[in-house]
Structure formats: C-alpha cells, structure tokens
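What follows is model_6.pdb (PDB, C-alpha atoms).
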```
ATOM      1  CA  MET A   5     -47.002 -66.150 -61.592
ATOM      2  CA  ALA A   6     -46.074 -63.236 -59.327
ATOM      3  CA  TYR A   7     -48.667 -64.424 -56.798
ATOM      4  CA  ARG A   8     -47.175 -67.909 -56.770
ATOM      5  CA  ILE A   9     -43.680 -66.513 -56.234
ATOM      6  CA  VAL A  10     -44.888 -64.410 -53.300
ATOM      7  CA  VAL A  11     -46.668 -67.415 -51.768
ATOM      8  CA  THR A  12     -43.553 -69.553 -52.209
ATOM      9  CA  ILE A  13     -41.391 -66.940 -50.519
ATOM     10  CA  LEU A  14     -43.839 -66.623 -47.634
ATOM     11  CA  VAL A  15     -43.888 -70.391 -47.158
ATOM     12  CA  LEU A  16     -40.083 -70.512 -47.147
ATOM     13  CA  LEU A  17     -39.893 -67.672 -44.641
ATOM     14  CA  ALA A  18     -42.423 -69.405 -42.425
ATOM     15  CA  THR A  19     -40.396 -72.603 -42.585
ATOM     16  CA  ILE A  20     -37.234 -70.753 -41.623
ATOM     17  CA  CYS A  21     -38.987 -69.025 -38.734
ATOM     18  CA  ASP A  22     -40.469 -72.309 -37.543
ATOM     19  CA  ALA A  23     -36.997 -73.799 -37.523
ATOM     20  CA  GLN A  24     -35.561 -71.142 -35.210
ATOM     21  CA  LEU A  25     -34.857 -71.982 -31.591
ATOM     22  CA  SER A  26     -36.453 -69.645 -29.060
ATOM     23  CA  SER A  27     -36.268 -69.268 -25.295
ATOM     24  CA  THR A  28     -40.069 -68.846 -25.249
ATOM     25  CA  PHE A  29     -40.804 -71.976 -27.291
ATOM     26  CA  TYR A  30     -42.814 -73.682 -24.523
ATOM     27  CA  ASP A  31     -44.394 -70.596 -22.962
ATOM     28  CA  THR A  32     -47.864 -71.519 -24.193
ATOM     29  CA  THR A  33     -47.604 -75.264 -24.833
ATOM     30  CA  CYS A  34     -45.884 -76.184 -21.550
ATOM     31  CA  PRO A  35     -45.395 -73.134 -19.309
ATOM     32  CA  ASP A  36     -44.242 -75.241 -16.332
ATOM     33  CA  ALA A  37     -41.579 -77.134 -18.272
ATOM     34  CA  LEU A  38     -38.535 -75.179 -17.111
ATOM     35  CA  THR A  39     -39.487 -75.116 -13.426
ATOM     36  CA  THR A  40     -40.249 -78.835 -13.538
ATOM     37  CA  ILE A  41     -36.858 -79.598 -15.068
ATOM     38  CA  ARG A  42     -35.074 -77.280 -12.648
ATOM     39  CA  THR A  43     -36.606 -79.019  -9.638
ATOM     40  CA  ALA A  44     -35.512 -82.429 -10.915
ATOM     41  CA  ILE A  45     -31.951 -81.254 -11.586
ATOM     42  CA  ARG A  46     -31.562 -79.457  -8.263
ATOM     43  CA  THR A  47     -32.724 -82.581  -6.461
ATOM     44  CA  ALA A  48     -30.247 -84.773  -8.332
ATOM     45  CA  VAL A  49     -27.290 -82.435  -7.776
ATOM     46  CA  SER A  50     -28.124 -82.016  -4.084
ATOM     47  CA  LYS A  51     -27.870 -85.801  -3.733
ATOM     48  CA  GLU A  52     -24.612 -86.033  -5.686
ATOM     49  CA  ARG A  53     -22.701 -82.866  -6.462
ATOM     50  CA  ARG A  54     -20.607 -84.667  -9.089
ATOM     51  CA  MET A  55     -23.788 -85.018 -11.150
ATOM     52  CA  ALA A  56     -23.530 -81.354 -12.163
ATOM     53  CA  ALA A  57     -20.360 -82.000 -14.160
ATOM     54  CA  SER A  58     -21.878 -85.173 -15.605
ATOM     55  CA  LEU A  59     -24.945 -83.326 -16.920
ATOM     56  CA  ILE A  60     -22.861 -80.560 -18.502
ATOM     57  CA  ARG A  61     -20.680 -83.203 -20.143
ATOM     58  CA  LEU A  62     -23.745 -85.129 -21.312
ATOM     59  CA  HIS A  63     -25.004 -82.070 -23.203
ATOM     60  CA  PHE A  64     -21.545 -81.548 -24.711
ATOM     61  CA  HIS A  65     -21.232 -85.173 -25.824
ATOM     62  CA  ASP A  66     -24.727 -85.056 -27.262
ATOM     63  CA  CYS A  67     -24.180 -81.908 -29.328
ATOM     64  CA  PHE A  68     -20.860 -83.082 -30.796
ATOM     65  CA  VAL A  69     -22.459 -86.149 -32.396
ATOM     66  CA  GLN A  70     -25.177 -85.419 -34.982
ATOM     67  CA  GLY A  71     -25.954 -82.128 -33.232
ATOM     68  CA  CYS A  72     -27.976 -81.451 -30.078
ATOM     69  CA  ASP A  73     -30.580 -84.130 -30.717
ATOM     70  CA  ALA A  74     -30.521 -86.383 -27.625
ATOM     71  CA  SER A  75     -29.000 -89.190 -29.684
ATOM     72  CA  ILE A  76     -26.637 -89.947 -26.796
ATOM     73  CA  LEU A  77     -29.608 -91.115 -24.727
ATOM     74  CA  LEU A  78     -30.677 -93.863 -27.115
ATOM     75  CA  ASP A  79     -30.042 -97.442 -26.061
ATOM     76  CA  ASP A  80     -28.976-100.248 -28.369
ATOM     77  CA  SER A  81     -31.776-101.722 -30.458
ATOM     78  CA  THR A  82     -32.191-103.715 -33.642
ATOM     79  CA  THR A  83     -31.648-100.513 -35.631
ATOM     80  CA  ILE A  84     -29.468 -98.444 -33.294
ATOM     81  CA  GLU A  85     -25.884 -98.866 -32.131
ATOM     82  CA  SER A  86     -25.829 -96.733 -29.021
ATOM     83  CA  GLU A  87     -23.359 -93.880 -28.571
ATOM     84  CA  LYS A  88     -23.131 -94.875 -24.920
ATOM     85  CA  THR A  89     -20.651 -97.615 -25.808
ATOM     86  CA  ALA A  90     -18.340 -95.381 -27.849
ATOM     87  CA  LEU A  91     -14.902 -95.025 -26.261
ATOM     88  CA  PRO A  92     -15.335 -91.401 -25.069
ATOM     89  CA  ASN A  93     -18.622 -92.385 -23.362
ATOM     90  CA  LEU A  94     -18.034 -95.952 -22.202
ATOM     91  CA  ASN A  95     -18.337 -96.213 -18.405
ATOM     92  CA  SER A  96     -17.986 -92.427 -18.154
ATOM     93  CA  ALA A  97     -21.060 -90.726 -19.622
ATOM     94  CA  ARG A  98     -23.532 -90.321 -16.763
ATOM     95  CA  GLY A  99     -26.788 -88.648 -15.856
ATOM     96  CA  PHE A 100     -29.101 -90.715 -18.035
ATOM     97  CA  GLN A 101     -31.384 -91.568 -15.133
ATOM     98  CA  VAL A 102     -31.545 -87.914 -14.120
ATOM     99  CA  ILE A 103     -32.698 -86.940 -17.614
ATOM    100  CA  ASP A 104     -35.171 -89.826 -17.653
ATOM    101  CA  ASN A 105     -36.619 -88.636 -14.353
ATOM    102  CA  ALA A 106     -36.878 -85.033 -15.532
ATOM    103  CA  LYS A 107     -38.598 -86.238 -18.703
ATOM    104  CA  SER A 108     -41.120 -88.330 -16.753
ATOM    105  CA  GLN A 109     -41.932 -85.328 -14.547
ATOM    106  CA  VAL A 110     -42.430 -83.102 -17.582
ATOM    107  CA  GLU A 111     -44.584 -85.739 -19.270
ATOM    108  CA  LYS A 112     -46.938 -85.628 -16.278
ATOM    109  CA  VAL A 113     -47.379 -81.884 -16.799
ATOM    110  CA  CYS A 114     -47.615 -81.799 -20.600
ATOM    111  CA  PRO A 115     -47.239 -85.148 -22.351
ATOM    112  CA  GLY A 116     -45.609 -85.321 -25.754
ATOM    113  CA  VAL A 117     -44.570 -81.669 -25.884
ATOM    114  CA  VAL A 118     -41.019 -81.204 -24.561
ATOM    115  CA  SER A 119     -38.140 -82.940 -26.321
ATOM    116  CA  CYS A 120     -35.416 -84.926 -24.608
ATOM    117  CA  ALA A 121     -32.863 -82.772 -26.449
ATOM    118  CA  ASP A 122     -34.218 -79.621 -24.811
ATOM    119  CA  ILE A 123     -34.278 -81.301 -21.410
ATOM    120  CA  VAL A 124     -30.583 -82.190 -21.790
ATOM    121  CA  ALA A 125     -29.800 -78.573 -22.718
ATOM    122  CA  VAL A 126     -31.785 -77.104 -19.832
ATOM    123  CA  ALA A 127     -30.341 -79.650 -17.403
ATOM    124  CA  ALA A 128     -26.798 -78.523 -18.241
ATOM    125  CA  ARG A 129     -27.688 -74.903 -17.479
ATOM    126  CA  ASP A 130     -29.464 -75.774 -14.226
ATOM    127  CA  ALA A 131     -26.618 -78.063 -13.156
ATOM    128  CA  SER A 132     -24.071 -75.297 -13.699
ATOM    129  CA  PHE A 133     -26.056 -72.821 -11.637
ATOM    130  CA  ALA A 134     -26.634 -75.370  -8.866
ATOM    131  CA  VAL A 135     -22.894 -75.558  -8.122
ATOM    132  CA  GLY A 136     -22.102 -71.854  -8.372
ATOM    133  CA  GLY A 137     -21.560 -71.688 -12.109
ATOM    134  CA  PRO A 138     -23.197 -69.244 -14.495
ATOM    135  CA  SER A 139     -26.735 -69.401 -15.797
ATOM    136  CA  TRP A 140     -27.816 -68.504 -19.307
ATOM    137  CA  THR A 141     -30.933 -68.289 -21.435
ATOM    138  CA  VAL A 142     -31.446 -71.649 -23.127
ATOM    139  CA  LYS A 143     -32.907 -71.533 -26.605
ATOM    140  CA  LEU A 144     -35.574 -74.198 -27.050
ATOM    141  CA  GLY A 145     -37.426 -76.005 -29.786
ATOM    142  CA  ARG A 146     -35.030 -78.862 -30.542
ATOM    143  CA  ARG A 147     -36.533 -82.162 -31.570
ATOM    144  CA  ASP A 148     -35.206 -85.648 -30.924
ATOM    145  CA  SER A 149     -33.270 -87.879 -33.268
ATOM    146  CA  THR A 150     -34.450 -91.378 -34.115
ATOM    147  CA  THR A 151     -30.860 -92.436 -34.864
ATOM    148  CA  ALA A 152     -27.505 -92.511 -33.110
ATOM    149  CA  SER A 153     -23.939 -92.847 -34.342
ATOM    150  CA  LYS A 154     -21.366 -94.741 -32.327
ATOM    151  CA  SER A 155     -18.844 -94.255 -35.132
ATOM    152  CA  LEU A 156     -19.207 -90.453 -35.068
ATOM    153  CA  ALA A 157     -18.959 -90.483 -31.282
ATOM    154  CA  ASN A 158     -15.628 -92.261 -31.618
ATOM    155  CA  THR A 159     -14.270 -89.801 -34.185
ATOM    156  CA  ASP A 160     -15.869 -86.436 -33.365
ATOM    157  CA  LEU A 161     -15.660 -86.267 -29.575
ATOM    158  CA  PRO A 162     -12.434 -84.959 -28.025
ATOM    159  CA  PHE A 163     -10.186 -87.650 -26.571
ATOM    160  CA  PHE A 164      -7.959 -87.366 -23.520
ATOM    161  CA  THR A 165      -4.803 -87.877 -25.615
ATOM    162  CA  ASP A 166      -5.631 -85.256 -28.279
ATOM    163  CA  ASP A 167      -3.054 -82.575 -28.994
ATOM    164  CA  LEU A 168      -3.975 -78.907 -29.264
ATOM    165  CA  GLN A 169      -4.417 -78.778 -33.013
ATOM    166  CA  THR A 170      -6.603 -81.874 -33.009
ATOM    167  CA  LEU A 171      -8.806 -80.350 -30.334
ATOM    168  CA  ILE A 172      -9.093 -77.037 -32.188
ATOM    169  CA  SER A 173      -9.994 -78.889 -35.387
ATOM    170  CA  LYS A 174     -12.721 -80.903 -33.655
ATOM    171  CA  PHE A 175     -14.294 -77.719 -32.296
ATOM    172  CA  THR A 176     -13.892 -75.808 -35.547
ATOM    173  CA  ILE A 177     -15.776 -78.517 -37.440
ATOM    174  CA  LYS A 178     -18.698 -77.928 -35.072
ATOM    175  CA  GLY A 179     -18.636 -74.176 -35.673
ATOM    176  CA  LEU A 180     -16.929 -73.360 -32.372
ATOM    177  CA  THR A 181     -13.811 -71.283 -31.837
ATOM    178  CA  ALA A 182     -10.659 -71.986 -29.861
ATOM    179  CA  LYS A 183     -11.995 -69.558 -27.262
ATOM    180  CA  ASP A 184     -15.197 -71.596 -27.015
ATOM    181  CA  MET A 185     -13.069 -74.701 -26.556
ATOM    182  CA  VAL A 186     -11.039 -73.238 -23.701
ATOM    183  CA  ALA A 187     -14.096 -71.772 -21.985
ATOM    184  CA  LEU A 188     -16.044 -75.034 -22.212
ATOM    185  CA  SER A 189     -13.029 -76.973 -20.915
ATOM    186  CA  GLY A 190     -13.315 -74.901 -17.750
ATOM    187  CA  ALA A 191     -16.220 -77.124 -16.693
ATOM    188  CA  HIS A 192     -13.510 -79.637 -15.780
ATOM    189  CA  THR A 193     -13.074 -77.601 -12.605
ATOM    190  CA  ILE A 194     -15.915 -79.700 -11.144
ATOM    191  CA  GLY A 195     -15.209 -82.878 -13.104
ATOM    192  CA  GLN A 196     -13.538 -86.195 -12.379
ATOM    193  CA  ALA A 197     -11.500 -88.565 -14.492
ATOM    194  CA  GLN A 198     -10.786 -92.274 -14.419
ATOM    195  CA  CYS A 199      -7.243 -93.424 -13.702
ATOM    196  CA  PHE A 200      -6.645 -94.939 -17.131
ATOM    197  CA  THR A 201      -7.164 -91.541 -18.782
ATOM    198  CA  PHE A 202      -4.244 -89.908 -16.963
ATOM    199  CA  ARG A 203      -1.991 -92.801 -15.866
ATOM    200  CA  ASP A 204       0.555 -92.274 -18.645
ATOM    201  CA  ARG A 205       0.754 -88.568 -17.910
ATOM    202  CA  ILE A 206       1.507 -88.907 -14.187
ATOM    203  CA  TYR A 207       4.089 -91.684 -14.615
ATOM    204  CA  ASN A 208       6.067 -90.532 -17.672
ATOM    205  CA  ASN A 209       8.186 -87.837 -15.945
ATOM    206  CA  ALA A 210       7.485 -85.367 -18.746
ATOM    207  CA  SER A 211       8.458 -81.711 -18.621
ATOM    208  CA  ASP A 212       4.870 -80.498 -18.877
ATOM    209  CA  ILE A 213       3.742 -81.826 -15.495
ATOM    210  CA  ASP A 214       4.665 -80.642 -12.000
ATOM    211  CA  ALA A 215       6.637 -83.425 -10.306
ATOM    212  CA  GLY A 216       4.986 -83.000  -6.916
ATOM    213  CA  PHE A 217       1.562 -82.976  -8.532
ATOM    214  CA  ALA A 218       2.366 -86.186 -10.395
ATOM    215  CA  THR A 219       3.506 -87.898  -7.200
ATOM    216  CA  THR A 220       0.347 -86.842  -5.382
ATOM    217  CA  ARG A 221      -1.850 -88.155  -8.166
ATOM    218  CA  GLN A 222       0.017 -91.487  -8.289
ATOM    219  CA  ARG A 223      -1.302 -92.298  -4.826
ATOM    220  CA  GLY A 224      -4.805 -92.639  -6.175
ATOM    221  CA  CYS A 225      -3.902 -94.168  -9.529
ATOM    222  CA  PRO A 226      -1.699 -97.291  -9.422
ATOM    223  CA  SER A 227       0.698 -97.835 -12.297
ATOM    224  CA  SER A 228      -0.599-101.354 -12.891
ATOM    225  CA  SER A 229      -3.607-101.722 -15.149
ATOM    226  CA  SER A 230      -6.651-103.626 -13.933
ATOM    227  CA  THR A 231     -10.385-103.041 -14.128
ATOM    228  CA  SER A 232     -10.568-101.718 -10.576
ATOM    229  CA  ASN A 233      -7.426 -99.593 -10.911
ATOM    230  CA  ASN A 234      -8.449 -98.182 -14.276
ATOM    231  CA  GLN A 235     -11.790 -96.984 -12.946
ATOM    232  CA  LYS A 236     -10.441 -95.217  -9.861
ATOM    233  CA  LEU A 237     -11.689 -91.636  -9.911
ATOM    234  CA  ALA A 238      -9.776 -88.443  -9.302
ATOM    235  CA  ALA A 239     -10.927 -84.836  -9.218
ATOM    236  CA  LEU A 240      -9.623 -82.810 -12.147
ATOM    237  CA  ASP A 241      -9.173 -79.887  -9.743
ATOM    238  CA  LEU A 242      -7.755 -80.859  -6.355
ATOM    239  CA  VAL A 243      -8.031 -77.363  -4.879
ATOM    240  CA  THR A 244     -11.784 -76.687  -5.103
ATOM    241  CA  PRO A 245     -13.264 -79.812  -6.728
ATOM    242  CA  ASN A 246     -16.842 -78.954  -5.793
ATOM    243  CA  SER A 247     -16.877 -75.316  -6.837
ATOM    244  CA  PHE A 248     -17.410 -73.906 -10.311
ATOM    245  CA  ASP A 249     -14.488 -71.483 -10.343
ATOM    246  CA  ASN A 250     -11.371 -70.658 -12.365
ATOM    247  CA  ASN A 251      -8.908 -72.867 -10.468
ATOM    248  CA  TYR A 252      -8.789 -75.229 -13.444
ATOM    249  CA  PHE A 253      -6.936 -72.546 -15.408
ATOM    250  CA  LYS A 254      -4.622 -71.710 -12.526
ATOM    251  CA  ASN A 255      -3.737 -75.394 -12.375
ATOM    252  CA  LEU A 256      -2.807 -75.456 -16.068
ATOM    253  CA  ILE A 257      -0.393 -72.554 -15.628
ATOM    254  CA  GLN A 258       1.260 -74.504 -12.791
ATOM    255  CA  LYS A 259       1.536 -77.624 -15.005
ATOM    256  CA  LYS A 260      -1.091 -79.351 -12.910
ATOM    257  CA  GLY A 261      -3.557 -80.308 -15.616
ATOM    258  CA  LEU A 262      -4.582 -83.901 -14.931
ATOM    259  CA  LEU A 263      -5.454 -84.883 -18.502
ATOM    260  CA  GLN A 264      -3.031 -84.410 -21.367
ATOM    261  CA  SER A 265      -5.856 -82.804 -23.355
ATOM    262  CA  ASP A 266      -6.204 -80.247 -20.558
ATOM    263  CA  GLN A 267      -2.536 -79.340 -20.232
ATOM    264  CA  VAL A 268      -2.123 -78.777 -23.983
ATOM    265  CA  LEU A 269      -4.349 -75.715 -23.603
ATOM    266  CA  PHE A 270      -1.395 -74.080 -21.837
ATOM    267  CA  SER A 271       1.719 -75.468 -23.466
ATOM    268  CA  GLY A 272       3.231 -72.641 -25.465
ATOM    269  CA  GLY A 273       0.481 -72.713 -28.069
ATOM    270  CA  SER A 274      -2.210 -70.415 -29.405
ATOM    271  CA  THR A 275      -4.570 -70.831 -26.434
ATOM    272  CA  ASP A 276      -2.095 -69.823 -23.709
ATOM    273  CA  SER A 277      -3.373 -66.248 -23.618
ATOM    274  CA  ILE A 278      -6.983 -67.370 -23.117
ATOM    275  CA  VAL A 279      -5.993 -69.645 -20.236
ATOM    276  CA  SER A 280      -4.005 -66.789 -18.687
ATOM    277  CA  GLN A 281      -6.969 -64.440 -18.965
ATOM    278  CA  TYR A 282      -9.375 -66.879 -17.325
ATOM    279  CA  SER A 283      -6.894 -67.678 -14.547
ATOM    280  CA  GLN A 284      -6.863 -64.002 -13.610
ATOM    281  CA  ASN A 285     -10.473 -63.100 -14.323
ATOM    282  CA  PRO A 286     -13.133 -65.548 -13.077
ATOM    283  CA  THR A 287     -15.903 -63.201 -14.184
ATOM    284  CA  ALA A 288     -14.695 -63.280 -17.772
ATOM    285  CA  PHE A 289     -14.461 -67.067 -17.644
ATOM    286  CA  LYS A 290     -18.012 -67.528 -16.390
ATOM    287  CA  SER A 291     -19.392 -65.045 -18.902
ATOM    288  CA  ASP A 292     -17.580 -66.703 -21.781
ATOM    289  CA  PHE A 293     -18.543 -70.166 -20.565
ATOM    290  CA  ALA A 294     -22.224 -69.206 -20.665
ATOM    291  CA  ALA A 295     -21.854 -67.739 -24.154
ATOM    292  CA  SER A 296     -20.023 -70.839 -25.382
ATOM    293  CA  MET A 297     -22.697 -73.141 -23.953
ATOM    294  CA  ILE A 298     -25.263 -71.183 -25.958
ATOM    295  CA  ASN A 299     -23.090 -71.521 -29.062
ATOM    296  CA  MET A 300     -22.731 -75.244 -28.496
ATOM    297  CA  GLY A 301     -26.478 -75.602 -28.056
ATOM    298  CA  ASP A 302     -26.901 -74.269 -31.596
ATOM    299  CA  ILE A 303     -25.033 -77.175 -33.209
ATOM    300  CA  GLN A 304     -27.282 -78.779 -35.830
ATOM    301  CA  PRO A 305     -30.555 -78.941 -33.917
ATOM    302  CA  LEU A 306     -33.496 -80.797 -35.410
ATOM    303  CA  THR A 307     -36.386 -78.347 -35.645
ATOM    304  CA  GLY A 308     -39.725 -77.884 -37.327
ATOM    305  CA  SER A 309     -40.880 -81.188 -38.786
ATOM    306  CA  ALA A 310     -37.483 -82.877 -38.480
ATOM    307  CA  GLY A 311     -37.063 -85.500 -35.782
ATOM    308  CA  ILE A 312     -39.680 -86.430 -33.211
ATOM    309  CA  ILE A 313     -40.665 -85.783 -29.604
ATOM    310  CA  ARG A 314     -39.695 -88.946 -27.768
ATOM    311  CA  ARG A 315     -42.019 -89.978 -24.961
ATOM    312  CA  ILE A 316     -39.210 -92.106 -23.522
ATOM    313  CA  CYS A 317     -35.721 -90.690 -23.972
ATOM    314  CA  ILE A 318     -33.899 -94.000 -24.360
ATOM    315  CA  ALA A 319     -36.062 -95.264 -27.213
ATOM    316  CA  ALA A 320     -36.599 -93.922 -30.734
ATOM    317  CA  ASN A 321     -40.379 -94.057 -30.623
TER     318      ASN A 321
END
```

Render the structure in this file as structure tokens.
Amino acid sequence: MAYRIVVTILVLLATICDAQLSSTFYDTTCPDALTTIRTAIRTAVSKERRMAASLIRLHFHDCFVQGCDASILLDDSTTIESEKTALPNLNSARGFQVIDNAKSQVEKVCPGVVSCADIVAVAARDASFAVGGPSWTVKLGRRDSTTASKSLANTDLPFFTDDLQTLISKFTIKGLTAKDMVALSGAHTIGQAQCFTFRDRIYNNASDIDAGFATTRQRGCPSSSSTSNNQKLAALDLVTPNSFDNNYFKNLIQKKGLLQSDQVLFSGGSTDSIVSQYSQNPTAFKSDFAASMINMGDIQPLTGSAGIIRRICIAAN
C-alpha cells in the first residue's frame, strides 16, 4: 500500500512538472524556434510598424478568452464560432497572417513541435522589442485549443466604453492586478483606434477631455456615422505614435486619452497614482510592462496532454 501511495505521488508530481511552462521548453526539440519566429516578426514590423501594436494586442485578446491557447486564430467552421467576429475583435484584431507566416517557417524547421499559442506569445515580445519596447523571457510549452468562444470574447475582453471598476474587474477575474492593467494599457502608446470607438468622447464636450485635443481629433473623425467614417484610424498617441514610450500616460494626465477606457485610468480613481508614476518614470513603466506581459502569458495555458499542436493555426486539426 505504501509503495502504491509513493508511486501515485510521484506520478502526480511528474504531471505537475510536465504542466509547467518553461523558457527552455524547445531547447532540444526545436532549438531554432525562437530565432525563426523573431526573424518573421522583425520582417513584418519593418514593413508596417503598426503591426507591433497589433501583435501585442493579439496576444492580449487571445489570453483573455479561454486562456493563452491561440483560440483567437481559429476561423469559423461547422463546430467553431470564431472569436474574430466578436465585437472587440471585429475589423480590428490583426496580425493573423504574420502568425501564420511565422508558423509556416517554424514548421519547416521542426514540424508539429511548436504551438501556435507559443508563437503568439513570442511574437508579442519580439514586436515590443522591435519598436523600442522592453523584452522579456517568454515561458513556453503552451498547447493549442481546439475550440473558441465568441461569447466569452464579447463578455471578457475590455471594451472602449468600460468604466474603471469594470476594467479592474475584468483583469481581476484573469488573475491580474490593477497595476498590471495600467502597465499593459501602456502598449496603446503605439496603437491606433477606429473613429467609432472614440467619436462620442471627442464630440460630447465632457469635462474629462482637453477641448483643443478634442477639436484636433474631430478633423480625422467626422461626427456622421458611415462605414468609411467609422473605420478611419487615429493614433492613440499623437506625440510619438511610433515609439514605445511613456507619452500615453502623460497624455492621460493632460486629459488627452483618446478612448474613454483609457482616460478612466486617470480620472480621480484608484489608478491615478500608477499613471502618475509611469508618466514620470519610463524605466518603471517598461519594467512593469514586461512583468505584466509575463503574468498575462500565464493565464490558463493548456499544457501537458491538454490541447493539441496545430499544424495550421486557423484550423483545429
């Protein structure tokens, strides 16, 4: 009996160990994986600098729905309702082709070994570094989901009209703190938004927006709603839109947050002090951003025997 108990404990420990993410996960099975991914991401960002923000956002939107399992990449099928058509992703989530290309390059080196979920995670890190943002050690060993959830994407992802408490609650549910939330929001310094997401804010003459800033932004976002007007893009940070810096936080203090969900981070609430710190200390922001990206990458990964390794990222095969 004692022997059986010991064996059972050893098996459980082995299972737990197998389920742990590790930065060295592919060192023996695919030693060229990270350099292959990095080359693909650098090439994509050099062609379109905006792609860096899109890849960081893609990782974020993946992890917040079912965990970091590459479910956001899955297309519609007879059994899957794609997350791509959920409201927070519709016509805004980007970078799918970049991930597909990175995956195809990795498959040439070591087929059937590296998950799409890990490629999305590594791509976010490499994209950040490519535009002057921080780098960090990515833990690896995630496996890919065979399911997606459009309904969870609609409820769990932050929305541009969310108030502060709603945002904090959405991050808390995922095991992230308010500090994580503010740090991760700093990626908006290189992001863009569609006109329909900030039209109400720049035309409502509210007290939480700088009047001159609102007037400037109205030039690129007509008050009338139409498909073409709604999709007009604007940089979230007008000052240094192509640089990963702390201007996003300086903008919030000046009431120049483009999205309502950005400005609520500095609106007399519990996150004001964090915004103030990051506006004054870019080093602290970048350090905390890297740490928060690592924390986010730990959200409910599929490991061990759970999930699969997709050969094609858009299909659950």

Point-to-point distance from atom CA of Pro162 of chain A to atom CA of Lys174 of chain A, Å rounded to tenths:
6.9 Å

Just checking: using all atoms listed in the file, which residue out of A:Ala106, A:Leu156, A:Val142, A:Ala191 ends up closest to Pro245 of chain A?
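Checking each of A:Ala106, A:Leu156, A:Val142, A:Ala191 against Pro245 of chain A, counting all atoms listed in the file, the winner is A:Ala191.
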
What lies within 9 Å of Ala44 of chain A using only C-alpha atoms, ignoring chain neighbours under 5 positions off, as an MDAnalysis selection string?
chainID A and resid 39 49 102:103 105:106 109 127

Determine, counting all atoms listed in the file, which protein, DNA and RNA residues have an atom within 12 Å of an atom of Arg223 of chain A; residues of the same chain fewer than 2 positions away are not included. Present the result as a list of chain:residue names.
A:Cys199, A:Arg203, A:Ile206, A:Tyr207, A:Gly216, A:Phe217, A:Ala218, A:Thr219, A:Thr220, A:Arg221, A:Cys225, A:Pro226, A:Ser227, A:Asn233, A:Lys236, A:Leu237, A:Ala238

Need to verify the contact set: Gly179 of chain A, 12 Å, all atoms listed in the file, exclusion of same-chain residues closer than 2 positions in sequence. Can you return it as a list in words?
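Here the qualifying residues turn out to be Cys67, Phe68, Gly71, Ile172, Ser173, Lys174, Phe175, Thr176, Ile177, Thr181, Ala182, Lys183, Asp184, Met185, Ser296, Asn299, Met300, Gly301, Asp302, Ile303 and Gln304 of chain A.
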
Can you tell me which residues surround Ser26 of chain A at a distance of at most 7 Å, considering all atoms listed in the file, apart from same-chain residues fewer than 5 positions away, and format the answer as a ChimeraX atom specification?
/A:143-145

Please evaluate the PyMOL selection byres ((chain A and resi 38) around 12) against the displayed coordinates and give the resulting residues as number ranges by chain.
A: 27-31, 33-37, 39-45, 106-107, 109-110, 113-114, 118, 122-127, 129-130, 141-144

Could you complete segment 155-160 of chain A so that it carries all heavy atoms, and give it back as a CSV table (one decimal), in the coordinates of the input?
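What landed in rebuild26.csv:
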```
chain,number,residue,atom,x,y,z
A,155,SER,N,-20.1,-94.5,-34.4
A,155,SER,CA,-18.8,-94.3,-35.1
A,155,SER,C,-18.5,-92.8,-35.1
A,155,SER,O,-17.3,-92.4,-34.9
A,155,SER,CB,-19.0,-94.7,-36.6
A,155,SER,OG,-20.1,-94.0,-37.2
A,156,LEU,N,-19.5,-91.9,-35.2
A,156,LEU,CA,-19.2,-90.5,-35.1
A,156,LEU,C,-18.8,-90.1,-33.7
A,156,LEU,O,-17.9,-89.2,-33.5
A,156,LEU,CB,-20.4,-89.6,-35.5
A,156,LEU,CG,-20.7,-89.5,-37.0
A,156,LEU,CD1,-22.0,-88.7,-37.2
A,156,LEU,CD2,-19.6,-88.9,-37.7
A,157,ALA,N,-19.4,-90.7,-32.7
A,157,ALA,CA,-19.0,-90.5,-31.3
A,157,ALA,C,-17.5,-90.8,-31.1
A,157,ALA,O,-16.8,-90.1,-30.4
A,157,ALA,CB,-19.8,-91.3,-30.3
A,158,ASN,N,-17.0,-91.9,-31.7
A,158,ASN,CA,-15.6,-92.3,-31.6
A,158,ASN,C,-14.7,-91.3,-32.3
A,158,ASN,O,-13.5,-91.2,-31.9
A,158,ASN,CB,-15.4,-93.7,-32.1
A,158,ASN,CG,-15.8,-94.7,-31.1
A,158,ASN,OD1,-15.5,-94.6,-29.9
A,158,ASN,ND2,-16.4,-95.8,-31.6
A,159,THR,N,-15.2,-90.7,-33.4
A,159,THR,CA,-14.3,-89.8,-34.2
A,159,THR,C,-14.4,-88.3,-33.9
A,159,THR,O,-13.4,-87.6,-33.9
A,159,THR,CB,-14.5,-90.0,-35.7
A,159,THR,OG1,-15.9,-89.7,-36.0
A,159,THR,CG2,-14.2,-91.4,-36.1
A,160,ASP,N,-15.6,-87.9,-33.5
A,160,ASP,CA,-15.9,-86.4,-33.4
A,160,ASP,C,-15.7,-85.9,-32.0
A,160,ASP,O,-15.4,-84.7,-31.8
A,160,ASP,CB,-17.3,-86.1,-33.8
A,160,ASP,CG,-17.5,-86.2,-35.3
A,160,ASP,OD1,-16.6,-86.8,-36.0
A,160,ASP,OD2,-18.5,-85.7,-35.8
```
